[in-house]
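Peer 1: Below is input_12.cif; it holds mmCIF, C-alpha atoms.
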```cif
data_upload
#
loop_
_atom_site.label_atom_id
_atom_site.label_comp_id
_atom_site.auth_asym_id
_atom_site.auth_seq_id
_atom_site.Cartn_x
_atom_site.Cartn_y
_atom_site.Cartn_z
CA MET A 20 25.08 265.82 65.13
CA ASP A 21 23.17 267.91 67.70
CA GLY A 22 22.66 270.66 65.15
CA GLU A 23 20.88 268.19 62.91
CA LYS A 24 18.38 267.34 65.61
CA THR A 25 17.58 270.93 66.51
CA SER A 26 17.17 271.99 62.88
CA ARG A 27 14.47 269.39 62.21
CA ARG A 28 11.16 270.94 61.43
CA LYS A 29 7.84 269.79 62.76
CA PRO A 30 6.34 267.03 60.58
CA ARG A 31 3.60 268.15 58.23
CA SER A 32 0.06 267.14 59.17
CA ASP A 33 -0.25 264.80 56.18
CA GLY A 34 3.02 263.16 57.20
CA GLN A 35 1.74 262.70 60.74
CA ARG A 36 -1.49 261.17 59.40
CA ASN A 37 0.46 258.81 57.14
CA ARG A 38 2.67 257.76 60.04
CA GLN A 39 -0.33 257.08 62.26
CA ARG A 40 -2.08 255.15 59.49
CA LEU A 41 1.01 252.97 59.06
CA LEU A 42 1.10 252.30 62.80
CA ASP A 43 -2.62 251.48 62.90
CA VAL A 44 -2.43 249.14 59.90
CA ALA A 45 0.62 247.29 61.25
CA LYS A 46 -0.93 246.96 64.71
CA ALA A 47 -4.17 245.61 63.21
CA ALA A 48 -2.20 243.11 61.13
CA PHE A 49 -0.29 241.91 64.20
CA HIS A 50 -3.56 241.67 66.12
CA ALA A 51 -4.97 239.50 63.32
CA GLY A 52 -1.99 237.14 63.68
CA GLU A 53 -0.09 238.49 60.67
CA THR A 54 3.19 238.94 62.56
CA ASP A 55 5.25 238.41 59.39
CA ILE A 56 3.31 240.84 57.20
CA PRO A 57 5.59 242.29 54.50
CA LEU A 58 6.26 245.99 54.81
CA ASP A 59 5.07 246.65 51.28
CA GLU A 60 1.71 245.12 52.29
CA VAL A 61 1.55 247.43 55.34
CA ALA A 62 2.16 250.39 53.00
CA ARG A 63 -0.47 249.16 50.52
CA ARG A 64 -3.12 248.76 53.24
CA ALA A 65 -2.26 252.18 54.65
CA GLU A 66 -2.68 253.56 51.13
CA VAL A 67 0.81 255.05 51.02
CA GLY A 68 3.87 254.25 48.96
CA ILE A 69 6.66 252.07 50.27
CA GLY A 70 8.93 255.14 50.23
CA THR A 71 6.59 256.83 52.70
CA LEU A 72 6.80 253.81 55.00
CA TYR A 73 10.60 253.84 54.90
CA ARG A 74 10.69 257.62 55.40
CA HIS A 75 8.93 257.07 58.72
CA PHE A 76 10.36 253.67 59.66
CA ALA A 77 13.82 252.72 58.43
CA SER A 78 13.25 249.04 59.18
CA ARG A 79 10.71 246.49 60.36
CA ASP A 80 12.21 246.76 63.84
CA ALA A 81 11.68 250.53 63.81
CA LEU A 82 8.01 250.03 62.89
CA ILE A 83 7.48 247.45 65.64
CA GLU A 84 9.19 249.63 68.22
CA ALA A 85 7.11 252.63 67.12
CA ILE A 86 3.88 250.65 67.59
CA TYR A 87 4.92 249.79 71.13
CA ARG A 88 5.99 253.36 71.94
CA ASN A 89 2.75 254.70 70.44
CA GLU A 90 0.73 252.53 72.82
CA LEU A 91 2.88 253.68 75.74
CA ASP A 92 2.46 257.33 74.76
CA ARG A 93 -1.32 256.85 74.59
CA LEU A 94 -1.26 255.60 78.19
CA ALA A 95 0.77 258.54 79.46
CA VAL A 96 -1.31 261.18 77.66
CA ALA A 97 -4.55 259.50 78.70
CA ALA A 98 -3.59 259.66 82.39
CA VAL A 99 -3.29 263.44 82.24
CA ASP A 100 -6.48 263.83 80.20
CA LEU A 101 -8.47 261.51 82.46
CA ALA A 102 -7.20 263.26 85.60
CA ASN A 103 -8.40 266.58 84.17
CA MET A 104 -11.82 265.23 83.13
CA HIS A 105 -12.86 262.87 85.94
CA PRO A 106 -12.91 262.55 89.71
CA PRO A 107 -9.75 260.78 90.96
CA VAL A 108 -11.16 257.27 91.39
CA GLU A 109 -12.94 257.39 88.02
CA ALA A 110 -9.75 258.60 86.32
CA LEU A 111 -7.89 255.68 87.92
CA ARG A 112 -10.55 253.20 86.79
CA ALA A 113 -10.62 254.53 83.23
CA TRP A 114 -6.83 254.46 83.00
CA MET A 115 -6.72 250.89 84.30
CA LEU A 116 -9.14 249.89 81.54
CA LEU A 117 -6.77 251.51 79.02
CA PHE A 118 -3.93 249.57 80.65
CA VAL A 119 -5.80 246.35 79.83
CA ASP A 120 -5.80 247.49 76.17
CA TYR A 121 -2.07 248.24 76.46
CA ILE A 122 -1.37 244.73 77.76
CA ALA A 123 -3.41 243.28 74.90
CA ALA A 124 -1.45 245.35 72.35
CA LYS A 125 1.80 244.30 73.96
CA GLN A 126 0.78 240.64 73.70
CA VAL A 127 -0.21 241.11 70.06
CA ILE A 128 3.19 242.50 69.10
CA ALA A 129 5.22 240.40 71.56
CA PRO A 130 6.39 237.89 68.93
CA ALA A 131 7.59 240.74 66.74
CA LEU A 132 9.13 242.58 69.71
CA ASN A 133 11.04 239.45 70.69
CA ALA A 134 12.51 239.32 67.21
CA LEU A 135 14.03 242.79 67.56
CA VAL A 136 17.80 242.79 67.31
CA GLY A 137 19.02 242.75 70.90
CA GLY A 138 15.56 241.95 72.21
CA PRO A 139 12.96 244.26 73.69
CA SER A 140 14.43 244.51 77.21
CA ALA A 141 15.62 248.13 76.90
CA LEU A 142 12.27 249.12 75.42
CA TYR A 143 10.40 247.39 78.26
CA ALA A 144 12.68 248.94 80.90
CA ALA A 145 11.92 252.45 79.67
CA SER A 146 8.19 251.75 79.60
CA ALA A 147 8.21 250.47 83.19
CA ASP A 148 9.32 253.88 84.45
CA VAL A 149 6.54 255.66 82.55
CA ILE A 150 3.87 253.24 83.72
CA LYS A 151 5.03 253.30 87.34
CA ALA A 152 5.04 257.11 87.45
CA THR A 153 1.59 257.21 85.88
CA ILE A 154 -0.08 254.72 88.24
CA ASP A 155 1.66 256.35 91.24
CA ALA A 156 0.20 259.75 90.32
CA LEU A 157 -3.31 258.43 89.69
CA VAL A 158 -3.41 256.39 92.92
CA ALA A 159 -1.95 259.29 94.95
CA ARG A 160 -4.75 261.51 93.66
CA ALA A 161 -7.39 258.90 94.57
CA VAL A 162 -5.85 258.44 98.03
CA GLN A 163 -5.79 262.20 98.57
CA SER A 164 -9.47 262.41 97.67
CA GLY A 165 -10.29 259.66 100.18
CA ASP A 166 -11.55 257.27 97.51
CA ILE A 167 -8.72 254.74 97.90
CA ARG A 168 -7.03 253.45 101.06
CA PRO A 169 -3.55 254.87 101.68
CA ASP A 170 -2.05 251.47 102.63
CA LEU A 171 -2.07 250.15 99.05
CA ASP A 172 0.91 249.84 96.76
CA PRO A 173 -0.04 251.38 93.40
CA LEU A 174 1.83 248.62 91.58
CA ASP A 175 -0.55 246.04 93.09
CA PHE A 176 -3.24 247.26 90.69
CA LEU A 177 -0.97 246.60 87.73
CA ARG A 178 0.32 243.29 89.08
CA ALA A 179 -3.24 242.02 89.31
CA LEU A 180 -4.08 243.02 85.74
CA VAL A 181 -0.83 241.65 84.32
CA GLY A 182 -1.40 238.46 86.30
CA VAL A 183 -4.80 237.95 84.71
CA SER A 184 -3.31 238.46 81.26
CA ASN A 185 -0.58 235.90 81.94
CA VAL A 186 -2.85 233.27 83.50
CA ALA A 187 -5.68 233.68 81.05
CA ALA A 188 -3.85 233.48 77.75
CA ALA A 189 -7.01 232.16 76.15
CA PRO A 190 -9.16 234.48 74.07
CA GLY A 191 -11.41 236.68 76.15
CA TRP A 192 -8.97 237.33 78.99
CA GLU A 193 -9.54 241.06 78.42
CA ALA A 194 -13.18 240.78 79.59
CA SER A 195 -11.98 239.13 82.79
CA ALA A 196 -9.36 241.83 83.29
CA ARG A 197 -11.99 244.56 82.79
CA ARG A 198 -14.16 242.97 85.48
CA LEU A 199 -11.10 242.80 87.70
CA VAL A 200 -10.65 246.58 87.40
CA ASP A 201 -14.02 247.10 89.12
CA ILE A 202 -13.20 244.46 91.74
CA LEU A 203 -9.86 246.14 92.46
CA ILE A 204 -11.44 249.58 92.78
CA ALA A 205 -14.20 248.27 95.08
CA GLY A 206 -11.69 246.38 97.21
CA SER A 207 -9.47 249.43 97.51
CA ARG A 208 -12.10 251.68 99.02
CA PRO A 209 -11.48 252.84 102.58
CA LEU A 210 -12.50 250.30 105.19
CA SER A 211 -15.64 251.26 107.08
CA ARG A 212 -15.37 251.29 110.83
#
```
In structure tokens, what does this structure look like?

Peer 2:
Amino acid sequence: MDGEKTSRRKPRSDGQRNRQRLLDVAKAAFHAGETDIPLDEVARRAEVGIGTLYRHFASRDALIEAIYRNELDRLAVAAVDLANMHPPVEALRAWMLLFVDYIAAKQVIAPALNALVGGPSALYAASADVIKATIDALVARAVQSGDIRPDLDPLDFLRALVGVSNVAAAPGWEASARRLVDILIAGSRPLSR
């Protein structure tokens, strides 16, 4: 079994593009409220054959899980990129704005995730570790630079944003959460003496 995994070749670029197109189309459909979209319709909209869809995603559950993991991967990669491109507090702010998008995507696919066989709990548990490590690193960098107070728990930033998304289930909660990012950053600055 292990030999099979190591002998796999890197996917071709057209295969990677097809896979990403399938993910994008399915995510857009879920976002538009089409949580029960047939897989053949996802393939049609992505302009690929149904065989291509099944080559990448053996089942509906696999597609849904891949959408979620894709969003999580975007967050993790973005943290590194932002840290390399921006001062610490700006990297933290930009990543928190991406986290708002992540929460929105998670809410969009939540009904489909909840339908996964066995539920999404294992998937969520794995994502919590990635997100915690990411916010810890970004906040530590901002604390080290003197932009953020050292007495803050990095998870408080996320708790506030998740709280807004849970309280404000009405359309437009994302705009409120984006404003909250700036409020959180401003309120986390070192206290003047």

Peer 1: Could you jot down the CA of Val119 (chain A) to CA of Ala152 (chain A) separation for me, Å, one decimal place?

Peer 2: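 Result for CA of Val119 (chain A) versus CA of Ala152 (chain A): 17.1 Å, one decimal.
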
Peer 1: Determine, using only C-alpha atoms, which residues of region 73-98 of chain A have any atom at most 10 Å from an atom of region 45-61 of chain A, and tabulate each with its shortest atom pair and distance in Å to one decimal place, rows ordered by chain and then rising number, as JSON lines.

Peer 2:
```
{"residue": "A:Tyr73", "atom": "CA", "partner": "A:Leu58", "partner_atom": "CA", "distance": 9.0}
{"residue": "A:Phe76", "atom": "CA", "partner": "A:Leu58", "partner_atom": "CA", "distance": 10.0}
{"residue": "A:Ser78", "atom": "CA", "partner": "A:Leu58", "partner_atom": "CA", "distance": 8.8}
{"residue": "A:Arg79", "atom": "CA", "partner": "A:Leu58", "partner_atom": "CA", "distance": 7.1}
{"residue": "A:Leu82", "atom": "CA", "partner": "A:Ala45", "partner_atom": "CA", "distance": 8.1}
{"residue": "A:Ile83", "atom": "CA", "partner": "A:Ala45", "partner_atom": "CA", "distance": 8.1}
{"residue": "A:Ile86", "atom": "CA", "partner": "A:Lys46", "partner_atom": "CA", "distance": 6.7}
{"residue": "A:Tyr87", "atom": "CA", "partner": "A:Lys46", "partner_atom": "CA", "distance": 9.1}
{"residue": "A:Glu90", "atom": "CA", "partner": "A:Lys46", "partner_atom": "CA", "distance": 10.0}
```

Peer 1: List the residues sitting within 12 Å of (0.3, 259.1, 75.8) in the file's frame, using all atoms listed in the file, as a list in words.

Peer 2: Tyr87, Arg88, Asn89, Glu90, Leu91, Asp92, Arg93, Leu94, Ala95, Val96, Ala97, Ala98, Val99, Asp100, Leu101, Trp114, Leu117, Phe118, Tyr121, Ser146, Val149, Ile150 and Thr153 of chain A

Peer 1: Give me, please, the distance in Å between CA of Leu157 (chain A) and CA of Gln126 (chain A), quoted to one decimal.

Peer 2: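 So the answer is 24.3 Å.
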
Peer 1: I need the residue nearest Ser211 (chain A) from this list: A:Arg168, A:Ala159, A:Arg36, A:Ala62. Use all atoms listed in the file for the distance.

Peer 2: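 Residue with the minimum atom-to-atom distance to Ser211 (chain A): A:Arg168.
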
Peer 1: Might you pull out every residue within 6 Å of Pro107 (chain A), with only C-alpha atoms counted and same-chain residues fewer than 2 positions away left off, and present them as a ChimeraX atom specification?

Peer 2: /A:109-110,160-161

Peer 1: Measuring atom to atom with all atoms listed in the file, identify which of A:Asp120, A:Asp175, A:Asp33, A:Asp43 is nearest to Glu193 (chain A).

Peer 2: A:Asp120

Peer 1: Quote the spacing between CA of Ala156 (chain A) and CA of Val183 (chain A) in Å to one decimal place.

Peer 2: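 Rounded to one decimal, the two atoms are 23.1 Å apart.
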
Peer 1: Decode the PyMOL selection byres ((chain A and resi 181) around 12) for the given file into explicit residues and return them as a ChimeraX atom specification.

Peer 2: /A:115,118-123,125-126,174-180,182-188,192-193,195-197,199-200

Peer 1: When you count only C-alpha atoms, which of these residues is closest to Asp170 (chain A): A:Arg208, A:Lys151, A:Arg74, A:Arg112?

Peer 2: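 Counting only C-alpha atoms, the residue closest to Asp170 (chain A) is A:Arg208.
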